[in-house]
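Q: Sharing a structure here in structure tokens format.
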Amino acid sequence: MSESPLLRVEDLHVSYNTPTGIVNAVSGVSFELGREKLGIVGESGSGKSQTGRAILGLTATGGQVRARRLEFDGTDLLHANARTMRHVRGGCISMIMQDPKYSLNPVMTIGAQIEEAFLVHRATSKTEARQRTLDMLRAVKIRAPERVYKAYPHEVSGGMGQRIMIAMMMIPEPDIIIADEPTSALDVTVQLQVLAVLDDMLSERGMGLIFISHDLNLVASFCDRILVMYGGKVVEECAAADLEQATHPYTRGLLNCLPSLDGAREELPVLLRDPAWLANSEASR
Amino acid sequence: MIDIRNLDVVFGHGSGVHHAVRDFAMRIEPGQSYGLVGESGSGKTTVLRALAGLLDRVAHVSGEMTVAQESLQGQHRSRDFRRRVQMVFQDPFGSLHPRHTVDTILGEPARVHRLDRIEDRVVQALEEVGLDASFRFRYPHQISGGQRQRVSVARALITEPEIVLLDEPTSALDVSVQAEVLNLLMRLKRDHGLTYVLVSHNLAVVAHMCEALSVMQNGSVVETLGVQQLRDHSPQMPYTRQLLTASLGYDRAAIDAFEEFA
């Protein structure tokens with residue numbers, strides 16, 4: 001991690017104008033990402049997905065993104081034009097969404113969708129694209145790539161659908177993958193198998209990963225470093241291995257309120273929220 | 001309290017037949033919390049629906065089911081059974097009527113079962129699940145997911161049931177909210193001497209709530225074990241062991257050893 005980071009985010013704000021006033025979804029998030037696995041954890045509404053979307057310029061219309069710095073490898077993502085962003089999206093940074101059922105095109109074959117992702121970013125022949133697609137399907141451990149190539153999304157299982165998403169996001173060879181709850185809709189064993197595929201590809205290609213999840217245990221065991229978000233702010237940052245020693249009361253509260261497989265506890269400690277956790281965000285604005 | 005034997009559930013007919021539950025058996029003592037664990041498609045929710053009599057004209061159900069000495073006939077359930085056995089569903093948004101107020105939602109089962117003092121019961125049920133009276137005239141979209149699930153629990157309690165069937169009651173909730181709902185369910189069980197059947201894919205939730213559990217796969221019970229066996233990490237069957245390993249988090253080496261169970 002001594003080399004310069006791939007992605008720099010400094011003081012990122014995302015806000016929405018609503019009839020009831022301004023909602024600050026993200027307020028003052030800063031981090032850097034190298035060729036590592038960074039986990040962003042938090043509960044719903046903590047701003048973790050909004051952070052991921054803002055990086056790719058995918059904030060919904062009506063949302064305002066401000067930042068002191070939002071840079072990918074020297075490219076300013078905040079002021080980039082549409083053409084540059086089209087190149088960045090998929091080509092440099094790509095995103096794996098939560099549910100393959102809703103993010104794959106239902107009326108296009110799987111092979112055609114993956115090929116499309118490749119052809120948008122590379123000027124090559126259709127034959128090569130097809131070959132690369134089949135290789136990629138093999139790389140994500142799909143056993144019958146020829147059959148899946150011709151299949152439609154509704155014909156495959158959830159776990160396979162998510163591996164297809166990974167294949168599609170990997171094929172233009174981006175440097176960073178943003179995975180927003182990529183396995184939350186899957187059964188535990190399938191979830192881990194999909195993550196293993198992702199993990200192997202990341203280390204083979206030396207890519208960076210932002211892994212957005214609500215599952216603290218999974219992130220702690222899968223990632224290198226963790227950001228804990230609450231109310232649009234990063235309340236704690238630590239190495240994944242040190243999560244057990246986390247000090248922030250919110251992180252501690254999240255860890256303690258999980259039911260455990262081993263211990264018999266009558267009552268789970270309930271998380272008490274302290275408004276002071278959000279106080280210094282107001283000061284920095 | 002609950003005794004199920006040779007339960008089979010078959011959906012569809014002809015070439016589209018799907019055998020969802022095969023030769024299922026389960027025995028639950030009064031006051032026990034019993035877990036049904038399995039991955040999606042294992043048939044755990046179908047068992048719950050068959051028990052509740054929700055599969056009439058939906059599936060072919062056969063087998064013997066006895067609940068509190070009452071032998072159940074097919075998918076027909078007596079009015080008394082429907083009062084004594086209540087269910088809480090996974091998605092609190094999908095299971096509450098969007099255009100009914102909390103007051104109407106809670107009052108309906110009381111009216112159906114011709115209970116007296118409906119207003120008092122509604123207020124009391126809300127109090128029991130930790131919601132104050134100001135929630136009475138709100139609509140489901142005006143309250144949070146955790147509060148909605150509390151309303152679902154209150155609706156189940158209003159008929160003073162003996163058995164509550166819980167179908168993934170916390171899997172749509174944030175972990176901090178999950179802790180609150182699990183605590184609530186534990187307290188209500190103590191206060192009212194309830195018997196729970198809890199369906200979940202989360203082994204930790206089942207280990208926390210239940211005394212015994214059955215692990216299901218492809219419609220059949222793979223293993224029945226006491227919670228201590230789960231806590232000691234000493235299940236007998238390879239499938240259960242793999243499920244347990246998987247729920248302990250990401251371990252690259254362990255994943256390569258995963259087997260396909262069919």
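Within each chain, counting starts at residue 1; across the structure tokens, chains are named A, B, ... in the order shown, with ligands numbered 1 upward in that order.
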May I ask you to extract the residues of chain B within 10 Å of chain A, using only C-alpha atoms, and to give them as a ChimeraX atom specification?
A: /B:38-40,173-184,186-187,201-209,227-233,242-256,258-260
Q: Report as an NGL selection string all protein, DNA and RNA residues lying within 10 Å of Glu36 in chain A, evaluated on only C-alpha atoms, omitting residues in the same chain fewer than 5 positions from it.
A: :A and (1 or 5-6 or 176 or 202-203 or 206-210 or 223-225)
Q: Could you pull the residues within 10 Å of range 131-146 of chain A, counting only C-alpha atoms, minus those fewer than 6 positions along the same chain, as a list of chain:residue names?
A: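 The residues that qualify are A:Ile110, A:Gly111, A:Ala112, A:Gln113, A:Ile114, A:Glu115, A:Glu116, A:Ala117, A:Phe118, A:Met160, A:Gln162, A:Arg163, A:Ile164, A:Met165, A:Ile166, A:Ala167, A:Met168, A:Met170, A:Ile171, A:Gln193, A:Val194, A:Ala196, A:Val197, A:Leu198, A:Asp200, A:Met201.
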Q: Between A:His154, A:Arg69, A:Arg122, A:Arg83, single out the one closest to Pro100 in chain A, counting only C-alpha atoms.
A: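 Ranking A:His154, A:Arg69, A:Arg122, A:Arg83 by distance to Pro100 in chain A, first place goes to A:His154.
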Q: Quick one: residues within 10 Å of Leu96 in chain B, only C-alpha atoms, excluding same-chain residues fewer than 2 positions away - as a PyMOL selection string?
A: chain B and resi 89+91-94+98-102+105-106+139-141+148-149+151-152+155
Q: Please, what distance in Å, to one decimal, runs between CA of Met229 in chain A and CA of Ser103 in chain A?
A: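 Taking CA of Met229 in chain A as the start and CA of Ser103 in chain A as the end point, the length is 25.4 Å.
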Q: Pull the alpha helix (DSSP H) assignments for range 9-230 of chain B out of DSSP run on the backbone, and list those residues as a ChimeraX atom specification.
A: /B:44-52,79-84,102-112,118-128,145-157,175-192,203-209,227-230
Q: Just want the 9 Å neighbourhood of range 62-72 of chain B, counted on only C-alpha atoms, with same-chain residues fewer than 3 positions away dropped. Output as a list in words.
A: Met1, Ile2, Asp3, Ile4, Arg5, Asn6, Leu7, Asp8, Val9, Val10, Asp23, Phe24, Pro30, Leu51, Gln75, His76, Arg77, Ser78 and Phe81 of chain B
Q: Please list as a ChimeraX atom specification every residue within 8 Å of Thr251 in chain A, counting only C-alpha atoms and excluding residues in the same chain fewer than 5 positions away.
A: /A:228,236,246
Q: Got a sec: who's within 12 Å of His60 in chain B, counting only C-alpha atoms, leaving out chain neighbours fewer than 5 positions off, as a PDB file with C-alpha atoms, in the first residue's frame?
A:
ATOM      1  CA  LEU B   7     -45.968 -35.089   6.240  1.00  0.00           C
ATOM      2  CA  ASP B   8     -45.772 -34.822   2.472  1.00  0.00           C
ATOM      3  CA  VAL B   9     -46.538 -31.715   0.465  1.00  0.00           C
ATOM      4  CA  VAL B  10     -46.739 -31.828  -3.316  1.00  0.00           C
ATOM      5  CA  PHE B  11     -47.291 -28.758  -5.484  1.00  0.00           C
ATOM      6  CA  GLY B  12     -48.610 -28.938  -9.044  1.00  0.00           C
ATOM      7  CA  HIS B  13     -49.563 -32.006 -11.041  1.00  0.00           C
ATOM      8  CA  VAL B  17     -45.060 -31.727  -9.978  1.00  0.00           C
ATOM      9  CA  HIS B  18     -42.831 -30.533  -7.154  1.00  0.00           C
ATOM     10  CA  HIS B  19     -42.413 -32.611  -4.027  1.00  0.00           C
ATOM     11  CA  ALA B  20     -41.680 -29.789  -1.543  1.00  0.00           C
ATOM     12  CA  VAL B  21     -41.795 -31.772   1.723  1.00  0.00           C
ATOM     13  CA  ARG B  22     -41.068 -35.485   2.082  1.00  0.00           C
ATOM     14  CA  THR B  46     -43.947 -24.998   3.514  1.00  0.00           C
ATOM     15  CA  ALA B  50     -49.091 -26.821   6.025  1.00  0.00           C
ATOM     16  CA  GLY B  53     -53.659 -24.771   7.037  1.00  0.00           C
ATOM     17  CA  LEU B  54     -52.636 -22.244   4.423  1.00  0.00           C
ATOM     18  CA  LEU B  55     -52.126 -24.755   1.605  1.00  0.00           C
ATOM     19  CA  GLY B  74     -56.422 -32.081   5.769  1.00  0.00           C
ATOM     20  CA  GLN B  75     -56.013 -28.339   5.476  1.00  0.00           C
TER      21      GLN B  75
END
Q: According to DSSP computed on the backbone, where in range 37-271 of chain A is there strand (DSSP E or B)? Give the residues as a ChimeraX atom specification.
A: /A:37-41,63-66,69-72,75-76,93-96,176-180,208-213,225-230,233-239
